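Student: Got a structure for you, upload-v2.cif, holding mmCIF, C-alpha atoms and all ligand atoms.
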data_entry
#
loop_
_atom_site.label_atom_id
_atom_site.label_comp_id
_atom_site.auth_asym_id
_atom_site.auth_seq_id
_atom_site.Cartn_x
_atom_site.Cartn_y
_atom_site.Cartn_z
CA MET F 1 -5.26 -23.07 5.13
CA SER F 2 -6.35 -19.40 5.27
CA GLN F 3 -6.51 -17.38 2.05
CA LEU F 4 -3.53 -15.16 1.22
CA LYS F 5 -4.09 -11.41 1.24
CA ARG F 6 -2.98 -10.18 -2.19
CA ILE F 7 -0.78 -7.09 -1.95
CA ALA F 8 0.07 -4.34 -4.45
CA ILE F 9 3.00 -2.11 -3.48
CA PHE F 10 2.97 1.25 -5.22
CA GLY F 11 6.47 2.63 -4.63
CA SER F 12 8.08 -0.76 -3.93
CA THR F 13 11.63 0.55 -4.46
CA GLY F 14 11.42 3.15 -1.68
CA SER F 15 11.97 3.01 2.05
CA ILE F 16 8.38 1.96 2.85
CA GLY F 17 8.16 -0.29 -0.20
CA THR F 18 11.29 -2.29 0.61
CA GLN F 19 10.29 -2.64 4.27
CA ALA F 20 6.85 -3.82 3.19
CA LEU F 21 8.51 -6.54 1.15
CA GLU F 22 10.50 -7.61 4.24
CA VAL F 23 7.25 -7.91 6.19
CA ILE F 24 5.63 -9.93 3.42
CA GLU F 25 8.65 -12.20 3.09
CA ALA F 26 8.52 -12.94 6.82
CA HIS F 27 4.82 -13.86 6.49
CA ALA F 28 4.71 -15.59 3.13
CA ASP F 29 1.94 -17.83 4.53
CA LYS F 30 -0.33 -14.78 4.87
CA PHE F 31 0.49 -12.41 2.01
CA SER F 32 1.31 -12.64 -1.69
CA VAL F 33 2.80 -9.90 -3.89
CA GLU F 34 0.69 -9.12 -6.96
CA ILE F 35 1.84 -5.67 -8.15
CA LEU F 36 5.11 -3.77 -7.73
CA THR F 37 5.75 -0.25 -9.03
CA ALA F 38 8.88 1.88 -9.29
CA HIS F 39 9.63 5.24 -10.84
CA THR F 40 13.32 5.24 -11.84
CA ASN F 41 14.94 2.28 -10.09
CA ASP F 42 14.58 -0.41 -12.75
CA THR F 43 17.41 -2.50 -11.30
CA LEU F 44 15.73 -2.90 -7.94
CA LEU F 45 12.29 -3.39 -9.49
CA ILE F 46 13.64 -6.24 -11.62
CA ALA F 47 15.32 -7.86 -8.60
CA GLN F 48 12.11 -7.57 -6.59
CA ALA F 49 10.04 -9.03 -9.43
CA LEU F 50 12.41 -12.00 -9.84
CA LYS F 51 12.26 -12.67 -6.11
CA PHE F 52 8.54 -12.11 -5.40
CA ASN F 53 7.07 -13.19 -8.71
CA PRO F 54 4.20 -10.65 -8.94
CA ASN F 55 1.44 -10.63 -11.50
CA MET F 56 2.59 -7.31 -12.92
CA VAL F 57 5.04 -4.45 -12.50
CA VAL F 58 4.97 -0.80 -13.54
CA ILE F 59 8.04 1.32 -14.23
CA GLY F 60 7.09 5.00 -14.20
CA ASP F 61 9.99 6.15 -16.33
CA GLU F 62 9.03 5.00 -19.83
CA LYS F 63 12.68 5.08 -20.99
CA LYS F 64 13.30 2.09 -18.71
CA TYR F 65 10.45 -0.05 -20.07
CA GLN F 66 12.69 -2.06 -22.42
CA SER F 67 15.24 -2.94 -19.75
CA VAL F 68 12.52 -4.19 -17.40
CA LYS F 69 10.66 -6.03 -20.16
CA GLU F 70 13.82 -7.83 -21.31
CA ALA F 71 14.94 -8.77 -17.80
CA LEU F 72 11.53 -10.29 -17.07
CA SER F 73 10.97 -11.85 -20.51
CA LYS F 74 11.41 -15.41 -19.21
CA THR F 75 8.84 -14.90 -16.43
CA HIS F 76 5.07 -14.52 -16.53
CA VAL F 77 5.31 -10.99 -15.04
CA LYS F 78 3.42 -8.42 -17.11
CA VAL F 79 5.31 -5.15 -17.57
CA PHE F 80 3.73 -1.69 -17.91
CA ALA F 81 5.25 1.78 -18.08
CA GLY F 82 4.25 5.39 -17.56
CA GLU F 83 2.13 7.49 -15.26
CA GLU F 84 -1.20 6.38 -16.71
CA ALA F 85 -0.30 2.72 -16.27
CA LEU F 86 -0.14 3.31 -12.52
CA GLU F 87 -3.79 4.34 -12.48
CA GLU F 88 -4.84 1.50 -14.77
CA VAL F 89 -3.04 -1.16 -12.79
CA ALA F 90 -4.44 0.24 -9.54
CA SER F 91 -7.93 -0.52 -10.84
CA MET F 92 -7.24 -4.22 -11.55
CA ASP F 93 -8.88 -7.15 -9.78
CA CYS F 94 -5.71 -9.08 -9.01
CA TYR F 95 -5.10 -7.63 -5.53
CA ASP F 96 -6.85 -6.81 -2.25
CA ILE F 97 -4.63 -4.26 -0.46
CA MET F 98 -2.69 -1.37 -1.96
CA ILE F 99 0.30 -0.18 0.02
CA ALA F 100 0.33 3.46 -1.11
CA ALA F 101 4.05 4.19 -0.77
CA ILE F 102 4.75 6.54 -3.67
CA VAL F 103 6.20 9.79 -2.36
CA GLY F 104 4.34 13.08 -2.81
CA PHE F 105 1.45 14.31 -4.95
CA ALA F 106 2.51 11.72 -7.57
CA GLY F 107 0.76 9.07 -5.45
CA LEU F 108 -2.68 10.69 -5.53
CA LYS F 109 -4.11 9.41 -8.84
CA SER F 110 -3.26 5.74 -8.36
CA THR F 111 -4.55 5.81 -4.78
CA LEU F 112 -7.82 7.35 -5.95
CA SER F 113 -8.08 4.70 -8.65
CA ALA F 114 -7.66 1.95 -6.04
CA ILE F 115 -10.25 3.61 -3.78
CA GLU F 116 -12.73 3.87 -6.66
CA ASN F 117 -12.33 0.13 -7.09
CA GLY F 118 -13.06 -0.58 -3.43
CA LYS F 119 -9.55 -1.71 -2.48
CA THR F 120 -8.22 -1.52 1.05
CA ILE F 121 -5.52 1.14 1.24
CA ALA F 122 -2.55 0.81 3.60
CA LEU F 123 -1.74 4.50 3.38
CA ALA F 124 1.84 5.71 3.78
CA ASN F 125 1.52 8.51 1.21
CA LYS F 126 0.37 11.31 3.53
CA GLU F 127 0.42 13.91 0.72
CA THR F 128 -2.69 12.23 -0.77
CA LEU F 129 -4.75 13.33 2.25
CA VAL F 130 -2.99 16.68 2.60
CA VAL F 131 -3.83 17.63 -0.98
CA ALA F 132 -7.39 16.33 -1.35
CA GLY F 133 -8.42 14.80 1.98
CA ASP F 134 -12.10 15.70 1.63
CA ILE F 135 -12.43 14.04 -1.78
CA VAL F 136 -10.31 11.02 -0.85
CA MET F 137 -12.27 10.29 2.33
CA LYS F 138 -15.63 10.84 0.60
CA LYS F 139 -14.70 8.47 -2.24
CA ALA F 140 -13.41 5.92 0.27
CA ALA F 141 -16.75 5.98 2.13
CA GLU F 142 -18.76 5.76 -1.11
CA ASN F 143 -16.74 2.81 -2.36
CA LYS F 144 -16.38 1.09 1.03
CA ALA F 145 -12.60 1.26 0.65
CA ALA F 146 -10.99 1.00 4.09
CA ILE F 147 -8.04 3.33 4.67
CA ILE F 148 -5.60 1.92 7.22
CA PRO F 149 -2.84 4.37 8.14
CA VAL F 150 0.78 3.30 7.85
CA ASP F 151 2.34 6.62 8.93
CA SER F 152 3.62 5.74 12.42
CA GLU F 153 1.71 8.48 14.28
CA HIS F 154 -1.58 7.72 12.58
CA SER F 155 -1.10 4.00 13.00
CA ALA F 156 -0.59 4.74 16.71
CA ILE F 157 -3.83 6.73 16.88
CA PHE F 158 -5.66 4.07 14.87
CA GLN F 159 -4.42 1.40 17.28
CA CYS F 160 -5.48 3.52 20.30
CA LEU F 161 -8.99 3.79 18.84
CA VAL F 162 -9.53 0.05 18.43
CA GLY F 163 -12.38 -0.97 20.75
CA GLU F 164 -13.41 2.63 21.49
CA GLY F 165 -16.54 2.56 19.29
CA ARG F 166 -18.24 5.95 19.35
CA ASN F 167 -16.37 7.20 22.43
CA LYS F 168 -15.56 10.87 21.88
CA ILE F 169 -12.03 12.02 21.14
CA GLU F 170 -11.10 15.25 22.92
CA LYS F 171 -7.86 15.56 20.97
CA VAL F 172 -5.04 13.62 19.37
CA ILE F 173 -1.46 14.41 20.27
CA LEU F 174 1.05 13.74 17.51
CA THR F 175 4.58 13.18 18.72
CA ALA F 176 7.44 14.77 16.78
CA SER F 177 11.08 13.83 17.22
CA GLY F 178 12.10 17.44 16.50
CA GLY F 179 14.46 16.17 13.81
CA PRO F 180 18.24 16.68 13.66
CA PHE F 181 17.98 20.40 14.47
CA LEU F 182 15.94 20.27 17.66
CA GLY F 183 16.88 23.26 19.85
CA LYS F 184 18.68 25.07 17.02
CA LYS F 185 17.93 28.69 16.08
CA PRO F 186 17.78 30.50 12.69
CA ASN F 187 21.42 31.68 12.94
CA PHE F 188 22.41 27.98 12.85
CA LEU F 189 19.76 26.81 10.39
CA VAL F 190 20.72 29.38 7.78
CA ASN F 191 23.92 27.44 7.06
CA VAL F 192 22.53 23.92 7.22
CA LYS F 193 23.35 21.65 4.26
CA ARG F 194 21.50 18.68 2.82
CA ASP F 195 23.77 15.97 4.22
CA HIS F 196 23.27 17.21 7.77
CA ALA F 197 19.52 17.61 7.27
CA LEU F 198 19.35 14.03 5.99
CA GLN F 199 20.61 12.67 9.35
CA HIS F 200 17.35 11.88 11.14
CA PRO F 201 17.99 10.99 14.80
CA ASN F 202 15.60 8.01 14.97
CA TRP F 203 14.28 6.91 11.59
CA THR F 204 15.82 5.84 8.27
CA MET F 205 13.47 7.11 5.57
CA GLY F 206 13.38 8.48 2.03
CA ALA F 207 15.04 11.84 1.36
CA LYS F 208 11.88 13.95 1.02
CA ILE F 209 10.25 12.95 4.29
CA THR F 210 13.60 13.19 6.08
CA ILE F 211 13.96 16.85 5.06
CA ASP F 212 10.32 17.41 6.05
CA SER F 213 11.15 16.02 9.50
CA ALA F 214 14.10 18.40 9.79
CA THR F 215 11.93 21.44 8.95
CA LEU F 216 8.92 20.12 10.98
CA MET F 217 6.81 20.30 7.82
CA ASN F 218 6.36 16.55 8.26
CA LYS F 219 4.45 17.17 11.48
CA GLY F 220 2.38 19.87 9.81
CA LEU F 221 1.45 17.49 6.98
CA GLU F 222 0.64 14.86 9.60
CA MET F 223 -1.72 17.25 11.42
CA ILE F 224 -3.69 17.65 8.19
CA GLU F 225 -3.52 13.90 7.56
CA ALA F 226 -4.91 13.26 11.08
CA LYS F 227 -7.79 15.68 10.57
CA TRP F 228 -9.03 13.71 7.56
CA LEU F 229 -8.29 10.20 8.81
CA PHE F 230 -10.03 10.67 12.15
CA ASN F 231 -12.62 13.31 11.20
CA LEU F 232 -11.28 15.93 13.65
CA GLN F 233 -11.54 19.70 13.97
CA PRO F 234 -8.21 21.54 13.52
CA GLU F 235 -8.01 22.42 17.25
CA GLN F 236 -8.34 18.73 18.16
CA VAL F 237 -4.95 17.99 16.55
CA GLN F 238 -1.91 18.92 18.61
CA VAL F 239 1.83 18.28 18.49
CA VAL F 240 4.35 17.61 21.23
CA ILE F 241 8.08 17.17 20.76
CA HIS F 242 9.19 13.76 22.01
CA PRO F 243 12.82 13.36 20.95
CA GLN F 244 13.04 9.59 21.56
CA SER F 245 10.22 8.56 19.14
CA ILE F 246 9.09 5.76 21.48
CA ILE F 247 5.55 7.04 21.98
CA HIS F 248 4.25 7.21 18.43
CA SER F 249 1.19 9.34 19.27
CA MET F 250 -1.67 9.58 21.76
CA VAL F 251 -5.42 10.00 21.95
CA GLN F 252 -7.10 11.92 24.77
CA PHE F 253 -10.77 11.01 25.29
CA GLU F 254 -13.54 13.19 26.73
CA ASP F 255 -13.05 11.70 30.21
CA GLY F 256 -9.44 12.95 30.17
CA SER F 257 -7.93 9.48 29.80
CA ILE F 258 -4.95 9.34 27.42
CA LYS F 259 -4.01 6.23 25.42
CA ALA F 260 -0.59 6.00 23.78
CA GLN F 261 0.97 3.47 21.43
CA MET F 262 4.66 2.76 22.04
CA GLY F 263 7.49 0.78 20.54
CA LEU F 264 10.95 1.16 19.07
CA PRO F 265 11.01 3.32 15.91
CA ASP F 266 10.62 0.73 13.15
CA MET F 267 8.20 1.23 10.25
CA LYS F 268 7.85 -2.51 9.74
CA LEU F 269 5.51 -2.58 12.71
CA PRO F 270 2.87 -0.14 11.37
CA ILE F 271 3.24 -1.68 7.89
CA GLN F 272 2.61 -5.16 9.28
CA TYR F 273 -0.26 -3.90 11.45
CA ALA F 274 -1.96 -2.34 8.41
CA LEU F 275 -1.56 -5.50 6.32
CA ALA F 276 -2.72 -7.90 9.02
CA TYR F 277 -5.52 -5.68 10.43
CA PRO F 278 -7.75 -6.44 12.27
CA GLN F 279 -5.44 -9.21 13.49
CA ARG F 280 -2.07 -8.76 15.17
CA ILE F 281 0.51 -11.25 13.99
CA SER F 282 3.85 -12.23 15.52
CA SER F 283 7.07 -10.41 14.74
CA LYS F 284 10.74 -10.62 15.58
CA PHE F 285 11.19 -6.84 15.63
CA PRO F 286 13.42 -5.68 18.54
CA ARG F 287 11.43 -4.80 21.68
CA TYR F 288 11.61 -1.63 23.78
CA ASP F 289 13.42 -2.35 27.06
CA PHE F 290 12.11 -0.43 30.09
CA LYS F 291 15.12 -1.55 32.13
CA LYS F 292 17.55 0.40 29.95
CA PRO F 293 18.47 3.79 31.41
CA GLY F 294 17.00 6.85 29.67
CA THR F 295 14.01 9.09 30.05
CA LEU F 296 11.13 9.90 27.74
CA GLY F 297 10.96 13.67 27.27
CA PHE F 298 8.25 16.06 26.07
CA GLU F 299 8.40 19.73 25.12
CA GLU F 300 6.55 22.37 23.11
CA PRO F 301 7.57 22.81 19.44
CA ASP F 302 9.46 26.02 18.63
CA TYR F 303 6.92 27.42 16.15
CA LYS F 304 8.93 30.65 15.67
CA THR F 305 12.08 28.90 14.48
CA PHE F 306 10.39 26.01 12.64
CA ARG F 307 7.86 28.19 10.85
CA ASN F 308 6.83 25.41 8.46
CA LEU F 309 4.80 23.93 11.29
CA ALA F 310 3.01 27.25 11.83
CA LEU F 311 2.35 27.54 8.07
CA ALA F 312 0.88 24.05 7.98
CA ILE F 313 -1.38 24.93 10.91
CA ASP F 314 -2.53 28.03 8.98
CA ALA F 315 -3.31 25.80 6.01
CA LEU F 316 -5.11 23.30 8.22
CA GLN F 317 -7.28 26.06 9.69
CA LYS F 318 -7.95 27.76 6.40
CA GLY F 319 -8.77 24.49 4.57
CA GLY F 320 -9.91 24.54 0.92
CA ASN F 321 -6.98 24.34 -1.49
CA MET F 322 -4.50 25.85 1.01
CA PRO F 323 -3.00 22.51 2.17
CA CYS F 324 -2.64 21.54 -1.51
CA ILE F 325 -0.75 24.79 -2.21
CA LEU F 326 1.42 24.32 0.88
CA ASN F 327 2.25 20.78 -0.19
CA ALA F 328 3.09 21.67 -3.80
CA ALA F 329 5.39 24.53 -2.79
CA ASN F 330 7.05 22.33 -0.19
CA GLU F 331 7.70 19.54 -2.71
CA ILE F 332 9.38 22.00 -5.08
CA ALA F 333 11.37 23.60 -2.25
CA VAL F 334 12.56 20.32 -0.74
CA PHE F 335 13.58 19.06 -4.18
CA ALA F 336 15.58 22.29 -4.71
CA PHE F 337 17.18 22.04 -1.26
CA LEU F 338 18.21 18.43 -1.95
CA ARG F 339 19.96 19.69 -5.08
CA ASN F 340 21.71 22.45 -3.14
CA ARG F 341 19.80 25.09 -5.11
CA ILE F 342 18.35 26.85 -2.04
CA GLY F 343 19.13 27.10 1.66
CA PHE F 344 17.30 25.38 4.49
CA LEU F 345 15.39 28.49 5.59
CA ASP F 346 14.44 29.27 1.98
CA ILE F 347 12.11 26.26 2.09
CA THR F 348 9.80 28.12 4.48
CA GLU F 349 10.14 31.37 2.53
CA MET F 350 9.07 29.62 -0.68
CA VAL F 351 6.12 27.90 0.94
CA GLU F 352 4.89 31.11 2.59
CA ARG F 353 5.20 33.20 -0.57
CA THR F 354 3.37 30.57 -2.62
CA MET F 355 0.55 30.35 -0.05
CA ASN F 356 0.18 34.14 -0.31
CA LYS F 357 0.18 34.09 -4.12
CA ILE F 358 -2.10 31.30 -5.34
CA PRO F 359 -5.85 32.10 -5.30
CA PHE F 360 -7.76 30.53 -2.45
CA ILE F 361 -10.64 28.18 -3.28
CA ALA F 362 -12.87 27.21 -0.35
CA LYS F 363 -14.39 24.03 -1.83
CA PRO F 364 -12.25 22.83 -4.73
CA THR F 365 -13.19 20.05 -7.13
CA LEU F 366 -10.59 17.38 -7.83
CA GLU F 367 -9.74 19.19 -11.06
CA GLN F 368 -9.21 22.43 -9.13
CA TYR F 369 -6.88 20.65 -6.72
CA PHE F 370 -4.80 19.57 -9.72
CA GLU F 371 -4.85 23.12 -11.07
CA SER F 372 -3.84 24.61 -7.71
CA ASP F 373 -1.04 22.06 -7.43
CA GLY F 374 0.25 23.02 -10.89
CA GLU F 375 -0.02 26.77 -10.28
CA ALA F 376 1.72 26.48 -6.92
CA ARG F 377 4.54 24.40 -8.40
CA ASN F 378 5.06 26.85 -11.25
CA PHE F 379 5.12 29.85 -8.92
CA ALA F 380 7.38 28.16 -6.37
CA ALA F 381 9.81 27.23 -9.15
CA THR F 382 10.15 30.92 -10.09
CA LEU F 383 11.37 31.63 -6.55
CA ILE F 384 14.34 29.28 -6.80
CA GLN F 385 16.46 32.02 -8.41
CA MET F 386 15.88 34.24 -5.36
N1 LIG F 401 9.97 6.20 4.93
C1 LIG F 401 9.24 6.21 6.01
O1 LIG F 401 9.65 5.68 7.05
C2 LIG F 401 7.90 6.85 6.02
C3 LIG F 401 7.31 7.33 4.85
N2 LIG F 401 6.06 7.85 4.86
C4 LIG F 401 5.47 8.32 3.62
O2 LIG F 401 5.49 7.27 2.68
C5 LIG F 401 5.71 7.78 1.36
C6 LIG F 401 6.94 7.10 0.77
O3 LIG F 401 8.05 7.51 1.53
P1 LIG F 401 9.48 6.82 1.36
O4 LIG F 401 9.32 5.36 1.19
O5 LIG F 401 10.30 7.34 2.46
O6 LIG F 401 9.97 7.48 0.00
P2 LIG F 401 11.16 7.01 -0.97
O7 LIG F 401 11.67 8.22 -1.62
O8 LIG F 401 12.09 6.14 -0.25
O9 LIG F 401 10.39 6.09 -2.04
C7 LIG F 401 9.47 6.67 -2.91
C8 LIG F 401 8.89 5.64 -3.86
O10 LIG F 401 8.04 6.32 -4.78
C9 LIG F 401 8.52 6.13 -6.12
N3 LIG F 401 8.30 7.38 -6.83
C10 LIG F 401 8.96 8.55 -6.68
N4 LIG F 401 8.47 9.50 -7.51
C11 LIG F 401 7.48 8.90 -8.20
C12 LIG F 401 6.61 9.34 -9.24
N5 LIG F 401 6.66 10.59 -9.73
N6 LIG F 401 5.72 8.46 -9.75
C13 LIG F 401 5.66 7.19 -9.29
N7 LIG F 401 6.45 6.70 -8.30
C14 LIG F 401 7.35 7.56 -7.78
C15 LIG F 401 9.98 5.79 -5.98
O11 LIG F 401 10.45 5.08 -7.13
P3 LIG F 401 12.02 5.00 -7.55
O12 LIG F 401 12.79 4.86 -6.28
O13 LIG F 401 12.05 3.78 -8.40
O14 LIG F 401 12.36 6.24 -8.31
C16 LIG F 401 9.94 4.94 -4.72
O15 LIG F 401 9.49 3.64 -5.01
C17 LIG F 401 5.85 9.30 1.51
O16 LIG F 401 4.61 9.91 1.26
C18 LIG F 401 6.23 9.47 2.98
O17 LIG F 401 5.81 10.70 3.50
C19 LIG F 401 5.32 7.93 6.01
C20 LIG F 401 5.86 7.50 7.19
C21 LIG F 401 7.18 6.95 7.29
C1 LIG F 402 8.26 7.16 10.71
C2 LIG F 402 7.31 8.24 10.51
O1 LIG F 402 6.12 8.06 10.63
C3 LIG F 402 7.83 9.57 10.19
O2 LIG F 402 6.79 10.42 9.75
C4 LIG F 402 8.48 10.07 11.42
O3 LIG F 402 7.49 10.32 12.35
C5 LIG F 402 9.30 11.26 11.18
O4 LIG F 402 9.74 11.74 12.37
P1 LIG F 402 9.48 13.22 12.90
O5 LIG F 402 8.72 13.03 14.17
O6 LIG F 402 10.87 13.71 13.10
O7 LIG F 402 8.72 13.98 11.88
MN MN F 403 5.06 9.93 10.59
#
Can you dump the structure from the file as structure tokens?
Ligand SMILES: NC(=O)C1=CN([C@@H]2O[C@H](COP(=O)(O)OP(=O)(O)OC[C@H]3O[C@@H](n4cnc5c(N)ncnc54)[C@H](OP(=O)(O)O)[C@@H]3O)[C@@H](O)[C@H]2O)C=CC1
Ligand SMILES: CC(=O)[C@@H](O)[C@H](O)COP(=O)(O)O
Ligand SMILES: [Mn+2]

Tutor:
Amino acid sequence: MSQLKRIAIFGSTGSIGTQALEVIEAHADKFSVEILTAHTNDTLLIAQALKFNPNMVVIGDEKKYQSVKEALSKTHVKVFAGEEALEEVASMDCYDIMIAAIVGFAGLKSTLSAIENGKTIALANKETLVVAGDIVMKKAAENKAAIIPVDSEHSAIFQCLVGEGRNKIEKVILTASGGPFLGKKPNFLVNVKRDHALQHPNWTMGAKITIDSATLMNKGLEMIEAKWLFNLQPEQVQVVIHPQSIIHSMVQFEDGSIKAQMGLPDMKLPIQYALAYPQRISSKFPRYDFKKPGTLGFEEPDYKTFRNLALAIDALQKGGNMPCILNAANEIAVFAFLRNRIGFLDITEMVERTMNKIPFIAKPTLEQYFESDGEARNFAATLIQM
């Protein structure tokens, strides 16, 4: 019998985390669950722990430690709480692959801790690379920690590159659905409310990334993520709107040939691919049917209306701490929008003003990334009253 791959899911109670558990359950002969972490959802964490019997769990919110501890008192599951516990647990020997599925900047420290301990990272948390991509990739190389993308576009590119060796990439083309407001103009967007923005046409995801898809910031973050994952120059990363989300992204090589990876929009596929890599394993996921009527469309993004994408491209080109500042302001703005504190177009306004305010650093240390993140958050928060 082959050895089980031992999995740690950081952010197990989220959209990626729960789908990862479905994949693991369907392949219990290949994977075991060793670590689960949640932030606030103690109820789901407890249910997951009782079902999957991990070595340990972490609940981020320390107020919920007792409830988790009591519920798991008759099991062998070790219970930890708090932000620092995430980093500590990430450094433990009991697992092989971390699924980095915490949302936002909050996922950076534990992912770095796993990398420093030579773990394989199945990376969903794109913000980790947006904020500190140079440091993350350097540490991964130094510690021989493989980073396998889970984000659907980057998984597509990764899959297209298998077998290509040193063949030169001319460019990568990230597909974007365009979100729920494709074709809309500012006079419409100004009145958009959270519930409408949360209706993604093709994917069911957590709230933050769903709003990012609606503003096209998601695609901007993904451009920066692609730069670091595939060692590209900014101009080698392009975006095309593809409303059906069937082609998940493409690679164009120096001979002009384009490879694409296709499939129905279902995150279980890139999650499973990352866990099983370099193998492909069977799945029962629904298949794309070429006989069904319908066309696959492509169009240019509307950079003037969806200015977040243009701001992210500015940050990508400028480099240094600018993507970190962009990300921090965006996290604050999206959080405020989800609480109906600001309007949809204010998200862009807040990001732009924060990018103009926080001092630029061309080659930040990790500490300076944390400082820039904090300064950007504080400044962006002051704009919420606007
Ligand atoms: N969902 C998707 O289909 C895709 C997601 N991604 C990326 O994957 C990541 C996760 O996304 P998604 O699953 O949608 O997000 P969700 O909001 O659904 O889940 C987020 C997870 O992170 C935990 N969490 C939230 N805040 C903190 C914190 N401060 N400290 C520790 N843990 C925290 C949550 O815990 P709790 O719920 O217990 O509070 C939850 O387990 C994001 O970076 C996203 O961009 C990429 C591609 C597709
Ligand atoms: C599933 C996934 O990877 C998301 O990042 C998705 O791509 C979002 O869709 P958009 O193309 O609308 O940003
Ligand atoms: Mn994506």

Student: Identify, on the basis of all atoms listed in the file, every residue whose closest approach to segment 2-7 of chain F does not exceed 8 Å; exclude the query and any residue fewer than 4 positions from it along the same chain; express the result as a short mmCIF file (atom, residue, chain, number, x, y, z; two decimals) with C-alpha atoms, keeping the file's coordinate frame.

Tutor:
data_model
loop_
_atom_site.label_atom_id
_atom_site.label_comp_id
_atom_site.auth_asym_id
_atom_site.auth_seq_id
_atom_site.Cartn_x
_atom_site.Cartn_y
_atom_site.Cartn_z
CA ASP F 29 1.94 -17.83 4.53
CA LYS F 30 -0.33 -14.78 4.87
CA PHE F 31 0.49 -12.41 2.01
CA SER F 32 1.31 -12.64 -1.69
CA VAL F 33 2.80 -9.90 -3.89
CA GLU F 34 0.69 -9.12 -6.96
CA ILE F 35 1.84 -5.67 -8.15
CA CYS F 94 -5.71 -9.08 -9.01
CA TYR F 95 -5.10 -7.63 -5.53
CA ASP F 96 -6.85 -6.81 -2.25
CA ILE F 97 -4.63 -4.26 -0.46
CA MET F 98 -2.69 -1.37 -1.96
CA ILE F 99 0.30 -0.18 0.02
#

Student: Taking only C-alpha atoms and all ligand atoms into account, which of F:Ala81, F:Val351, F:Ala380, F:Leu296 comes nearest ligand LIG 401 (chain F)?

Tutor: F:Ala81

Student: Which residues sit within 6 Å of ligand MN 403 (chain F), counting all atoms listed in the file, listed as JSON, numbers by chain?

Tutor: {"F": [151, 152, 153]}

Student: Nearest to Ser110 of chain F: which of F:Ala362, F:Leu182, F:Val240, F:Leu86 is it, counting all atoms listed in the file?

Tutor: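 Result for the nearest residue to Ser110 of chain F: F:Leu86.
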
Student: Taking all atoms listed in the file into account, list the residues no farther than 6 Å from ligand LIG 402 (chain F), as a list of chain:residue names.

Tutor: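 Within the 6 Å cut-off, the matching residues are F:Asp151, F:Ser152, F:Glu153, F:Ala176, F:Ser177, F:Gly178, F:Gly179, F:Ser213, F:Asn218, F:Lys219, F:Met267.
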
Student: Select the residues contacting ligand LIG 401 (chain F) at a distance of at most 6 Å, based on all atoms listed in the file, then format the selection as a ChimeraX atom specification.

Tutor: /F:11-17,38-41,60,101-104,106,124-127,151-152,205-207,209,267

Student: Once you count all atoms listed in the file, what closest atom pair and distance in Å to one decimal does each residue of segment 185-206 of chain F within 8 Å of segment 335-343 of chain F have, with rows by chain and rising residue number, as a tab-separated table?

Tutor:
residue	atom	partner	partner_atom	distance
F:Val190	CA	F:Gly343	CA	6.7
F:Asn191	CA	F:Gly343	CA	7.2
F:Val192	CA	F:Gly343	CA	7.3
F:Lys193	CA	F:Gly343	CA	7.4
F:Arg194	CA	F:Leu338	CA	5.8

Student: Selection from above, C-alpha atoms, as an mmCIF file, keeping the file's coordinate frame, can you write it?

Tutor:
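See part28.cif below for the written result:
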data_model
loop_
_atom_site.group_PDB
_atom_site.id
_atom_site.type_symbol
_atom_site.label_atom_id
_atom_site.label_comp_id
_atom_site.auth_asym_id
_atom_site.auth_seq_id
_atom_site.Cartn_x
_atom_site.Cartn_y
_atom_site.Cartn_z
ATOM 1 C CA VAL F 190 20.720 29.380 7.780
ATOM 2 C CA ASN F 191 23.920 27.440 7.060
ATOM 3 C CA VAL F 192 22.530 23.920 7.220
ATOM 4 C CA LYS F 193 23.350 21.650 4.260
ATOM 5 C CA ARG F 194 21.500 18.680 2.820
#

Student: Using Å and a single decimal, report how far atom CA of Met92 of chain F sits from atom CA of Met56 of chain F.

Tutor: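 Between these atoms lies a distance of 10.4 Å.
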
Student: Using all atoms listed in the file, which protein or nucleic acid residues come within 9 Å of Asp42 of chain F? Drop anything in the same chain fewer than 2 positions from it, and give the result as JSON, numbers by chain.

Tutor: {"F": [13, 38, 39, 40, 44, 45, 46, 47, 59, 61, 64, 65, 67, 68]}

Student: Suppose you want the space between atom CA of Asn55 of chain F and atom CA of Val89 of chain F; what is it in Å?

Tutor: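 Taking atom CA of Asn55 of chain F and atom CA of Val89 of chain F, their separation equals 10.6 Å.
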
Student: Identify which of the residues F:Lys363, F:Glu142, F:Thr210, F:Leu383 lies closest to Glu349 of chain F, counting all atoms listed in the file when measuring atom-to-atom distances.

Tutor: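 With all atoms listed in the file as the atom set, the closest residue is F:Leu383.
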
Student: Of the candidates F:Asn231, F:Ser249, F:Asn330, F:Gln19, which shows the shortest atom-to-atom distance to Asp134 of chain F, using only C-alpha atoms?

Tutor: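 Answer, going by the shortest atom-to-atom distance: F:Asn231.
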
Student: Please tabulate, as JSON lines, the residues of segment 131-179 of chain F that come within 6 Å of segment 112-118 of chain F, each with its closest pair of atoms and the distance in Å to one decimal, counting all atoms listed in the file and ordering rows by chain, then residue number upward.

Tutor:
{"residue": "F:Ala140", "atom": "CA", "partner": "F:Ile115", "partner_atom": "CA", "distance": 5.6}
{"residue": "F:Asn143", "atom": "CA", "partner": "F:Gly118", "partner_atom": "CA", "distance": 5.1}
{"residue": "F:Lys144", "atom": "CA", "partner": "F:Gly118", "partner_atom": "CA", "distance": 5.8}
{"residue": "F:Ala145", "atom": "CA", "partner": "F:Gly118", "partner_atom": "CA", "distance": 4.5}

Student: What does the structure give for the distance between atom CA of Ala274 of chain F and atom CA of Met322 of chain F, in Å to one decimal?

Tutor: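 Value for the atom CA of Ala274 of chain F-atom CA of Met322 of chain F distance: 29.3 Å.
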